[in-house]
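What's in structure11.cif: mmCIF, C-alpha atoms
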```cif
data_coords
loop_
_atom_site.label_atom_id
_atom_site.label_comp_id
_atom_site.auth_asym_id
_atom_site.auth_seq_id
_atom_site.Cartn_x
_atom_site.Cartn_y
_atom_site.Cartn_z
CA MET A 1 146.15 75.13 106.89
CA MET A 2 145.61 77.03 110.18
CA LEU A 3 144.27 80.05 108.25
CA MET A 4 141.87 77.82 106.29
CA ARG A 5 140.50 76.25 109.51
CA LEU A 6 140.04 79.69 111.08
CA SER A 7 138.14 80.96 108.03
CA TYR A 8 135.99 77.84 108.07
CA ALA A 9 135.15 78.39 111.73
CA LEU A 10 134.24 82.02 111.20
CA LEU A 11 132.01 81.05 108.29
CA LEU A 12 130.01 78.64 110.45
CA GLY A 13 129.60 81.08 113.31
CA PHE A 14 131.01 79.18 116.29
CA THR A 15 130.72 80.98 119.63
CA CYS A 16 132.76 78.91 122.12
CA LEU A 17 134.93 80.83 124.54
CA ALA A 18 138.64 80.24 124.07
CA THR A 19 140.17 77.81 126.57
CA LEU A 20 143.63 76.37 127.09
CA GLY A 21 144.11 72.89 125.66
CA ALA A 22 140.87 73.12 123.68
CA ALA A 23 139.47 70.57 121.25
CA GLU A 24 137.25 70.82 118.19
CA ILE A 25 134.05 69.09 117.13
CA GLU A 26 133.10 69.08 113.47
CA GLY A 27 130.39 67.39 111.48
CA THR A 28 127.55 67.56 109.03
CA VAL A 29 123.80 67.86 109.32
CA VAL A 30 122.08 65.81 106.60
CA VAL A 31 118.61 66.92 105.51
CA LYS A 32 117.07 65.17 102.51
CA HIS A 33 113.51 66.51 102.51
CA ARG A 34 111.56 69.65 103.24
CA LEU A 35 110.82 69.95 106.96
CA THR A 36 109.16 73.35 107.23
CA ARG A 37 105.54 73.63 106.16
CA LYS A 38 104.75 76.25 103.55
CA LYS A 39 103.09 79.35 104.98
CA VAL A 40 99.68 80.45 103.75
CA THR A 41 99.36 84.19 104.33
CA LEU A 42 96.51 86.54 103.57
CA THR A 43 97.34 89.64 101.57
CA SER A 44 97.88 92.74 103.69
CA GLY A 45 94.68 94.41 102.48
CA GLU A 46 92.55 91.61 103.89
CA TYR A 47 93.68 91.85 107.50
CA GLU A 48 95.48 95.18 107.96
CA ARG A 49 94.39 98.77 108.28
CA GLY A 50 96.45 101.78 107.27
CA VAL A 51 99.71 101.52 105.30
CA ALA A 52 100.07 98.41 103.14
CA VAL A 53 103.41 96.66 103.68
CA GLN A 54 104.75 94.25 101.09
CA LEU A 55 105.39 90.80 102.55
CA GLY A 56 109.07 89.89 102.46
CA SER A 57 110.21 86.93 100.37
CA ASP A 58 110.32 83.48 101.92
CA PRO A 59 113.97 82.24 101.87
CA ALA A 60 112.74 78.65 102.10
CA GLU A 61 111.37 78.89 98.57
CA ARG A 62 114.74 79.81 97.02
CA ASP A 63 116.61 76.68 98.11
CA PHE A 64 114.59 74.71 100.63
CA LEU A 65 117.32 72.17 101.49
CA ALA A 66 119.87 74.91 102.19
CA TYR A 67 117.22 76.69 104.25
CA GLU A 68 116.55 73.57 106.34
CA ARG A 69 120.26 72.92 106.97
CA THR A 70 120.91 76.49 108.08
CA HIS A 71 117.89 76.29 110.40
CA VAL A 72 119.43 73.54 112.51
CA VAL A 73 121.22 74.60 115.70
CA VAL A 74 124.09 72.52 117.08
CA TYR A 75 125.36 73.08 120.61
CA LEU A 76 126.89 71.40 123.64
CA GLU A 77 124.96 70.53 126.76
CA GLY A 78 126.51 71.36 130.10
CA ASP A 79 127.39 74.21 132.41
CA LEU A 80 130.43 75.52 130.53
CA PRO A 81 131.69 79.13 130.73
CA SER A 82 129.17 81.52 129.21
CA THR A 83 128.93 85.27 128.71
CA GLY A 84 125.73 86.95 127.58
CA THR A 85 125.69 88.91 124.34
CA VAL A 86 123.45 91.51 122.72
CA ALA A 87 121.54 90.40 119.60
CA LYS A 88 118.81 91.76 117.35
CA MET A 89 115.66 90.34 115.75
CA GLU A 90 114.05 92.89 113.42
CA GLN A 91 110.46 93.18 112.29
CA LYS A 92 110.80 93.97 108.60
CA ASP A 93 108.39 93.46 105.68
CA ARG A 94 106.01 91.64 108.03
CA ARG A 95 108.64 89.05 108.90
CA PHE A 96 111.11 88.46 111.71
CA VAL A 97 114.70 88.93 110.51
CA PRO A 98 116.43 86.65 111.30
CA ASP A 99 113.73 84.05 111.92
CA LEU A 100 116.20 81.90 113.88
CA LEU A 101 118.48 83.41 116.51
CA VAL A 102 121.03 81.53 118.63
CA ILE A 103 122.27 83.12 121.85
CA PRO A 104 123.92 81.93 125.07
CA ARG A 105 122.00 82.24 128.33
CA GLY A 106 122.14 85.69 129.86
CA SER A 107 121.87 87.44 126.49
CA THR A 108 119.61 90.38 125.63
CA VAL A 109 117.68 90.66 122.36
CA SER A 110 116.40 93.87 120.80
CA PHE A 111 113.18 93.70 118.73
CA PRO A 112 113.18 96.86 116.55
CA ASN A 113 110.16 97.63 114.37
CA LEU A 114 111.31 98.72 110.89
CA ASP A 115 107.83 98.63 109.30
CA PRO A 116 105.49 101.65 108.95
CA ILE A 117 102.84 99.67 110.85
CA PHE A 118 102.43 98.46 114.43
CA HIS A 119 103.74 95.10 115.60
CA ASN A 120 103.22 93.23 118.86
CA VAL A 121 105.94 90.72 119.69
CA PHE A 122 105.14 88.02 122.24
CA SER A 123 106.00 84.51 123.38
CA LEU A 124 104.24 81.94 125.56
CA SER A 125 107.29 79.67 125.79
CA LYS A 126 108.31 78.26 129.15
CA PRO A 127 111.94 79.56 129.21
CA LYS A 128 110.68 83.13 128.67
CA ASN A 129 107.09 84.36 128.57
CA PHE A 130 106.64 87.97 127.43
CA ASP A 131 104.35 90.40 125.60
CA LEU A 132 105.95 93.62 124.33
CA GLY A 133 102.66 95.32 123.42
CA ASN A 134 101.94 97.37 120.30
CA TYR A 135 104.73 99.67 119.14
CA ARG A 136 105.38 101.72 116.03
CA GLN A 137 108.15 102.06 113.45
CA GLY A 138 111.47 103.23 114.88
CA GLN A 139 110.77 101.85 118.35
CA THR A 140 112.25 98.73 119.93
CA ARG A 141 111.85 96.58 123.00
CA LEU A 142 114.49 94.60 124.93
CA VAL A 143 114.19 91.13 126.46
CA THR A 144 116.84 89.30 128.49
CA PHE A 145 116.92 85.50 128.34
CA SER A 146 118.45 83.97 131.47
CA LYS A 147 117.33 80.34 131.08
CA PRO A 148 118.35 77.88 128.33
CA GLY A 149 115.63 76.57 126.05
CA ILE A 150 113.60 77.26 122.93
CA VAL A 151 111.52 80.43 122.75
CA LEU A 152 108.98 80.64 119.92
CA VAL A 153 108.19 84.24 118.95
CA ASN A 154 105.08 85.57 117.18
CA CYS A 155 103.26 88.82 116.45
CA ARG A 156 99.70 89.26 117.75
CA LEU A 157 98.85 91.53 114.81
CA HIS A 158 100.24 89.38 111.96
CA SER A 159 99.61 85.64 112.16
CA ASN A 160 102.20 84.77 109.52
CA MET A 161 105.09 86.16 111.60
CA ALA A 162 106.98 83.44 113.46
CA ALA A 163 110.53 83.01 114.68
CA ALA A 164 112.56 80.98 117.16
CA ILE A 165 115.24 81.92 119.65
CA VAL A 166 117.51 79.13 120.88
CA ILE A 167 119.07 79.99 124.23
CA THR A 168 122.00 77.63 124.66
CA PRO A 169 123.41 76.68 128.10
CA ASN A 170 126.89 77.90 127.09
CA GLN A 171 128.70 79.57 124.21
CA CYS A 172 129.59 76.40 122.29
CA SER A 173 127.05 76.56 119.46
CA SER A 174 126.88 76.70 115.70
CA LYS A 175 124.48 77.00 112.80
CA PRO A 176 125.49 74.80 109.84
CA ASP A 177 126.23 76.36 106.49
CA ALA A 178 124.13 75.72 103.37
CA ASP A 179 125.88 72.38 102.85
CA GLY A 180 125.19 71.30 106.42
CA ARG A 181 128.77 71.63 107.74
CA PHE A 182 129.36 72.88 111.28
CA LEU A 183 132.36 73.37 113.56
CA LEU A 184 132.59 73.90 117.32
CA ARG A 185 135.98 75.21 118.45
CA ASN A 186 137.55 75.75 121.87
CA VAL A 187 135.71 72.77 123.34
CA PRO A 188 137.09 71.51 126.69
CA PRO A 189 138.59 68.02 126.19
CA GLY A 190 136.47 65.19 127.52
CA LYS A 191 133.06 63.61 127.06
CA HIS A 192 130.27 65.86 125.79
CA THR A 193 126.69 65.58 124.61
CA VAL A 194 126.19 67.33 121.27
CA VAL A 195 122.64 68.47 120.54
CA ALA A 196 121.06 69.25 117.17
CA TRP A 197 117.68 71.00 117.09
CA HIS A 198 115.28 71.85 114.27
CA LYS A 199 111.94 73.54 114.82
CA SER A 200 109.98 70.89 112.91
CA ALA A 201 112.08 67.83 113.79
CA GLY A 202 112.91 68.33 117.46
CA PHE A 203 116.03 67.44 119.43
CA PHE A 204 118.73 64.86 118.64
CA ARG A 205 121.65 64.02 120.92
CA GLN A 206 124.94 62.19 120.49
CA THR A 207 127.70 61.65 123.04
CA ILE A 208 131.30 62.07 121.87
CA THR A 209 134.75 62.40 123.40
CA ALA A 210 136.70 65.48 122.38
CA SER A 211 140.48 65.42 122.39
CA GLU A 212 143.24 67.92 121.64
CA ALA A 213 144.91 65.41 119.32
CA HIS A 214 142.36 65.59 116.51
CA PRO A 215 138.84 66.95 115.89
CA ALA A 216 135.95 64.80 117.03
CA THR A 217 133.38 64.10 114.33
CA VAL A 218 129.63 63.82 114.75
CA ASP A 219 127.00 63.73 112.01
CA PHE A 220 123.25 64.19 112.34
CA LEU A 221 120.61 62.82 110.00
CA VAL A 222 117.54 64.92 110.68
CA PRO A 223 115.07 62.06 110.55
CA LEU A 224 111.96 63.08 108.73
CA ASP A 225 110.95 61.37 105.54
CA GLU A 226 109.35 63.14 102.57
CA ASN A 227 105.92 62.76 104.18
CA GLY A 228 107.02 64.49 107.38
CA VAL A 229 107.11 61.25 109.41
CA ALA A 230 109.93 60.72 111.90
CA THR A 231 112.17 57.78 110.99
CA THR A 232 114.00 57.73 114.34
CA GLN A 233 113.25 59.15 117.74
CA ALA A 234 113.41 62.91 118.21
CA PHE A 235 114.26 63.76 121.81
CA LEU A 236 112.09 66.30 123.59
CA PRO A 237 113.68 69.08 125.66
CA ARG A 238 114.72 68.13 129.15
#
```

Take the structure from the file and write it as structure tokens.
Amino acid sequence: MMLMRLSYALLLGFTCLATLGAAEIEGTVVVKHRLTRKKVTLTSGEYERGVAVQLGSDPAERDFLAYERTHVVVYLEGDLPSTGTVAKMEQKDRRFVPDLLVIPRGSTVSFPNLDPIFHNVFSLSKPKNFDLGNYRQGQTRLVTFSKPGIVLVNCRLHSNMAAAIVITPNQCSSKPDADGRFLLRNVPPGKHTVVAWHKSAGFFRQTITASEAHPATVDFLVPLDENGVATTQAFLPR
């Protein structure tokens, strides 16, 4: 049973630091409709010069519900222990890969260009405003993110390229699997606010009490109907 729970946790990508007397929080993110708008992108020949680069496939078109569930981020609010990491967001086939990155505050992200064309990565987001300039294939740029928040990333040369970086206040975070299941391990016992965020739906918060005795359970219904209208309140960032 212990081995099964460990495998489950590794699958869902929890990042909490180990603590003595830790608790667990598990749950499900329910998404019933498409949330992300379809992208309309010009062919490369209409807006690029030089080498033509094939546009990478859109994962949302393969299984849009699985895509939406895996593009929700679940994390704990609060000033818990946190250690920065090193992560990577590639520019490949005129897309950002991955297009959603979750890191704790203090982390550094590398933005390597793998395409035989120039890219220009930038963000105007409040937690981190940057412009990495034009750079060619084989080069990269580094950015350190010291403040929690949502950073939306784009390319000045390719309007279809968009990504998001979620900088969490601590290392207790998770991205649900394709079925919407998530697990946060090594959570300090006590009362916590659990946050779920989706780029198109916004923020949702629930308060729970975590205990060593048994896992706390929290479920999120990402509240957009099939017409893209919110059915309950989506909380804005604080």

Contact table segment 102-158 of chain A vs segment 71-89 of chain A, cut-off 8 Å, shortest pair per residue, all atoms listed in the file, as CSV:
```
residue,atom,partner,partner_atom,distance
A:Val102,CA,A:Val73,CA,7.5
A:Ile103,CA,A:Thr85,CA,7.2
A:Pro104,CA,A:Gly84,CA,5.9
A:Arg105,CA,A:Gly84,CA,6.1
A:Gly106,CA,A:Gly84,CA,4.4
A:Ser107,CA,A:Gly84,CA,4.0
A:Thr108,CA,A:Val86,CA,4.9
A:Val109,CA,A:Ala87,CA,4.8
A:Ser110,CA,A:Lys88,CA,4.7
A:Phe111,CA,A:Met89,CA,5.1
A:Pro112,CA,A:Met89,CA,7.0
```

Write the residues you've just listed into a file as a short mmCIF file (atom, residue, chain, number, x, y, z; two decimals), keeping the file's coordinate frame, and include C-alpha atoms for each of them.
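For reference, part08.cif as written:
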```
data_model
loop_
_atom_site.label_atom_id
_atom_site.label_comp_id
_atom_site.auth_asym_id
_atom_site.auth_seq_id
_atom_site.Cartn_x
_atom_site.Cartn_y
_atom_site.Cartn_z
CA VAL A 102 121.03 81.53 118.63
CA ILE A 103 122.27 83.12 121.85
CA PRO A 104 123.92 81.93 125.07
CA ARG A 105 122.00 82.24 128.33
CA GLY A 106 122.14 85.69 129.86
CA SER A 107 121.87 87.44 126.49
CA THR A 108 119.61 90.38 125.63
CA VAL A 109 117.68 90.66 122.36
CA SER A 110 116.40 93.87 120.80
CA PHE A 111 113.18 93.70 118.73
CA PRO A 112 113.18 96.86 116.55
#
```

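Interatomic distance, atom CA of Val31 of chain A to atom CA of Ala162 of chain A: 21.7 Å.
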
Legend entry - Pick from A:Lys191, A:Glu68, A:Phe220, A:Ser146, whichever lies nearest to Arg205 of chain A using only C-alpha atoms: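 Once distances to Arg205 of chain A are computed over only C-alpha atoms, the minimum belongs to A:Phe220.
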
Inset, instruction - Return as a list in words the set of residues that the PyMOL selection byres ((chain A and resi 214) around 12) yields on the displayed structure. - result: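 What the PyMOL selection byres ((chain A and resi 214) around 12) grabs from the file is Gly21, Ala22, Ala23, Glu24, Ile25, Glu26, Arg185, Val187, Pro189, Thr209, Ala210, Ser211, Glu212, Ala213, Pro215, Ala216 and Thr217 of chain A.
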
Legend entry - Point-to-point distance from atom CA of Phe64 of chain A to atom CA of Pro127 of chain A, Å rounded to tenths: 29.1 Å

Listed atoms of segment 101-118 of chain A boxed along x, y and z, 5 Å each side, centre and edge lengths in Å, one decimal, as JSON:
```
{"center_x": 113.2, "center_y": 91.6, "center_z": 119.4, "size_x": 31.5, "size_y": 30.1, "size_z": 30.9}
```

Legend entry - Nearest to Asn160 of chain A by atom-to-atom distance, counting only C-alpha atoms, from A:Leu124, A:Leu65, A:Leu100, A:Leu55: A:Leu55

Legend entry - Residue nearest Arg69 of chain A - candidates A:Gly180, A:Pro188, A:Pro169, A:Gly202, atoms counted: only C-alpha atoms: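 With only C-alpha atoms as the atom set, the closest residue is A:Gly180.
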
Inset, instruction - Rank nothing, just name the residue among A:Ala66, A:Ile150, A:Asp219, A:Arg94 nearest to Ala164 of chain A, using all atoms listed in the file. - result: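 When distances to Ala164 of chain A are compared using all atoms listed in the file, the smallest one comes from A:Ile150.
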
Legend entry - Nearby residues (only C-alpha atoms) at most 9 Å from Val153 of chain A, same-chain spacing under 6 positions excluded, as a PyMOL selection string: chain A and resi 96+99+121-125+161-165

Any chance you can output those residues with C-alpha atoms as a short mmCIF file (atom, residue, chain, number, x, y, z; two decimals), in the coordinates of the input?
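What ended up in selection_6.cif:
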```
data_model
loop_
_atom_site.label_atom_id
_atom_site.label_comp_id
_atom_site.auth_asym_id
_atom_site.auth_seq_id
_atom_site.Cartn_x
_atom_site.Cartn_y
_atom_site.Cartn_z
CA PHE A 96 111.11 88.46 111.71
CA ASP A 99 113.73 84.05 111.92
CA VAL A 121 105.94 90.72 119.69
CA PHE A 122 105.14 88.02 122.24
CA SER A 123 106.00 84.51 123.38
CA LEU A 124 104.24 81.94 125.56
CA SER A 125 107.29 79.67 125.79
CA MET A 161 105.09 86.16 111.60
CA ALA A 162 106.98 83.44 113.46
CA ALA A 163 110.53 83.01 114.68
CA ALA A 164 112.56 80.98 117.16
CA ILE A 165 115.24 81.92 119.65
#
```

Inset, instruction - Convert the output of the PyMOL selection byres ((chain A and resi 120) around 9) on the shown file into explicit residues, formatted as a ChimeraX atom specification. - result: /A:118-119,121-122,131-135,154-158

Could those selected residues go to a file with C-alpha atoms, as a PDB file, in the coordinates of the input?
```pdb
ATOM      1  CA  PHE A 118     102.430  98.460 114.430  1.00  0.00           C
ATOM      2  CA  HIS A 119     103.740  95.100 115.600  1.00  0.00           C
ATOM      3  CA  VAL A 121     105.940  90.720 119.690  1.00  0.00           C
ATOM      4  CA  PHE A 122     105.140  88.020 122.240  1.00  0.00           C
ATOM      5  CA  ASP A 131     104.350  90.400 125.600  1.00  0.00           C
ATOM      6  CA  LEU A 132     105.950  93.620 124.330  1.00  0.00           C
ATOM      7  CA  GLY A 133     102.660  95.320 123.420  1.00  0.00           C
ATOM      8  CA  ASN A 134     101.940  97.370 120.300  1.00  0.00           C
ATOM      9  CA  TYR A 135     104.730  99.670 119.140  1.00  0.00           C
ATOM     10  CA  ASN A 154     105.080  85.570 117.180  1.00  0.00           C
ATOM     11  CA  CYS A 155     103.260  88.820 116.450  1.00  0.00           C
ATOM     12  CA  ARG A 156      99.700  89.260 117.750  1.00  0.00           C
ATOM     13  CA  LEU A 157      98.850  91.530 114.810  1.00  0.00           C
ATOM     14  CA  HIS A 158     100.240  89.380 111.960  1.00  0.00           C
TER      15      HIS A 158
END
```

Inset, instruction - I need the residue set behind the PyMOL selection byres ((chain A and resi 93) around 8) for this file; please write it as an NGL selection string. - result: :A and (53-56 or 91-92 or 94-95 or 114-115)

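For the pair atom CA of Phe145 of chain A and atom CA of Tyr67 of chain A, the separation is 25.7 Å.
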
Inset, instruction - Determine the nearest neighbour of Gly138 of chain A from the options A:Ser200, A:Glu90, A:Arg181, A:Lys175, counting all atoms listed in the file. - result: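 Smallest separation from Gly138 of chain A among the options: A:Glu90.
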
Inset, instruction - Pick out the closest residue to Arg34 of chain A from this set: A:Val151, A:Ala201, A:Ile208, A:Gln171. Count all atoms listed in the file. - result: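 Of all the options, A:Ala201 lies closest to Arg34 of chain A.
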
As a PDB file, in the coordinates of the input, could you write out segment 180-199 of chain A once it has been completed with N, CA and C atoms?
```pdb
ATOM      1  N   GLY A 180     125.395  72.071 105.215  1.00  0.00           N
ATOM      2  CA  GLY A 180     125.190  71.300 106.420  1.00  0.00           C
ATOM      3  C   GLY A 180     126.411  71.145 107.307  1.00  0.00           C
ATOM      4  N   ARG A 181     127.541  71.783 106.949  1.00  0.00           N
ATOM      5  CA  ARG A 181     128.770  71.630 107.740  1.00  0.00           C
ATOM      6  C   ARG A 181     128.731  72.553 108.966  1.00  0.00           C
ATOM      7  N   PHE A 182     129.236  72.047 110.090  1.00  0.00           N
ATOM      8  CA  PHE A 182     129.360  72.880 111.280  1.00  0.00           C
ATOM      9  C   PHE A 182     130.672  72.583 111.978  1.00  0.00           C
ATOM     10  N   LEU A 183     131.106  73.507 112.813  1.00  0.00           N
ATOM     11  CA  LEU A 183     132.360  73.370 113.560  1.00  0.00           C
ATOM     12  C   LEU A 183     132.225  74.067 114.897  1.00  0.00           C
ATOM     13  N   LEU A 184     132.523  73.341 115.975  1.00  0.00           N
ATOM     14  CA  LEU A 184     132.590  73.900 117.320  1.00  0.00           C
ATOM     15  C   LEU A 184     134.051  73.912 117.736  1.00  0.00           C
ATOM     16  N   ARG A 185     134.586  75.089 118.040  1.00  0.00           N
ATOM     17  CA  ARG A 185     135.980  75.210 118.450  1.00  0.00           C
ATOM     18  C   ARG A 185     136.065  75.547 119.939  1.00  0.00           C
ATOM     19  N   ASN A 186     137.282  75.422 120.468  1.00  0.00           N
ATOM     20  CA  ASN A 186     137.550  75.750 121.870  1.00  0.00           C
ATOM     21  C   ASN A 186     136.665  74.945 122.834  1.00  0.00           C
ATOM     22  N   VAL A 187     136.494  73.676 122.499  1.00  0.00           N
ATOM     23  CA  VAL A 187     135.710  72.770 123.340  1.00  0.00           C
ATOM     24  C   VAL A 187     136.640  72.154 124.393  1.00  0.00           C
ATOM     25  N   PRO A 188     136.261  72.162 125.669  1.00  0.00           N
ATOM     26  CA  PRO A 188     137.090  71.510 126.690  1.00  0.00           C
ATOM     27  C   PRO A 188     137.225  70.012 126.375  1.00  0.00           C
ATOM     28  N   PRO A 189     138.424  69.459 126.426  1.00  0.00           N
ATOM     29  CA  PRO A 189     138.590  68.020 126.190  1.00  0.00           C
ATOM     30  C   PRO A 189     137.758  67.202 127.168  1.00  0.00           C
ATOM     31  N   GLY A 190     137.266  66.079 126.666  1.00  0.00           N
ATOM     32  CA  GLY A 190     136.470  65.190 127.520  1.00  0.00           C
ATOM     33  C   GLY A 190     135.194  64.762 126.825  1.00  0.00           C
ATOM     34  N   LYS A 191     134.322  64.124 127.601  1.00  0.00           N
ATOM     35  CA  LYS A 191     133.060  63.610 127.060  1.00  0.00           C
ATOM     36  C   LYS A 191     132.009  64.706 127.053  1.00  0.00           C
ATOM     37  N   HIS A 192     131.299  64.832 125.935  1.00  0.00           N
ATOM     38  CA  HIS A 192     130.270  65.860 125.790  1.00  0.00           C
ATOM     39  C   HIS A 192     129.047  65.285 125.083  1.00  0.00           C
ATOM     40  N   THR A 193     127.898  65.873 125.362  1.00  0.00           N
ATOM     41  CA  THR A 193     126.690  65.580 124.610  1.00  0.00           C
ATOM     42  C   THR A 193     126.455  66.720 123.624  1.00  0.00           C
ATOM     43  N   VAL A 194     126.421  66.355 122.339  1.00  0.00           N
ATOM     44  CA  VAL A 194     126.190  67.330 121.270  1.00  0.00           C
ATOM     45  C   VAL A 194     124.714  67.250 120.884  1.00  0.00           C
ATOM     46  N   VAL A 195     124.070  68.394 120.828  1.00  0.00           N
ATOM     47  CA  VAL A 195     122.640  68.470 120.540  1.00  0.00           C
ATOM     48  C   VAL A 195     122.416  69.148 119.207  1.00  0.00           C
ATOM     49  N   ALA A 196     121.528  68.590 118.398  1.00  0.00           N
ATOM     50  CA  ALA A 196     121.060  69.250 117.170  1.00  0.00           C
ATOM     51  C   ALA A 196     119.557  69.469 117.328  1.00  0.00           C
ATOM     52  N   TRP A 197     119.104  70.663 116.958  1.00  0.00           N
ATOM     53  CA  TRP A 197     117.680  71.000 117.090  1.00  0.00           C
ATOM     54  C   TRP A 197     117.188  71.638 115.811  1.00  0.00           C
ATOM     55  N   HIS A 198     115.991  71.228 115.395  1.00  0.00           N
ATOM     56  CA  HIS A 198     115.280  71.850 114.270  1.00  0.00           C
ATOM     57  C   HIS A 198     113.842  72.047 114.703  1.00  0.00           C
ATOM     58  N   LYS A 199     113.277  73.187 114.347  1.00  0.00           N
ATOM     59  CA  LYS A 199     111.940  73.540 114.820  1.00  0.00           C
ATOM     60  C   LYS A 199     110.902  72.486 114.496  1.00  0.00           C
TER      61      LYS A 199
END
```
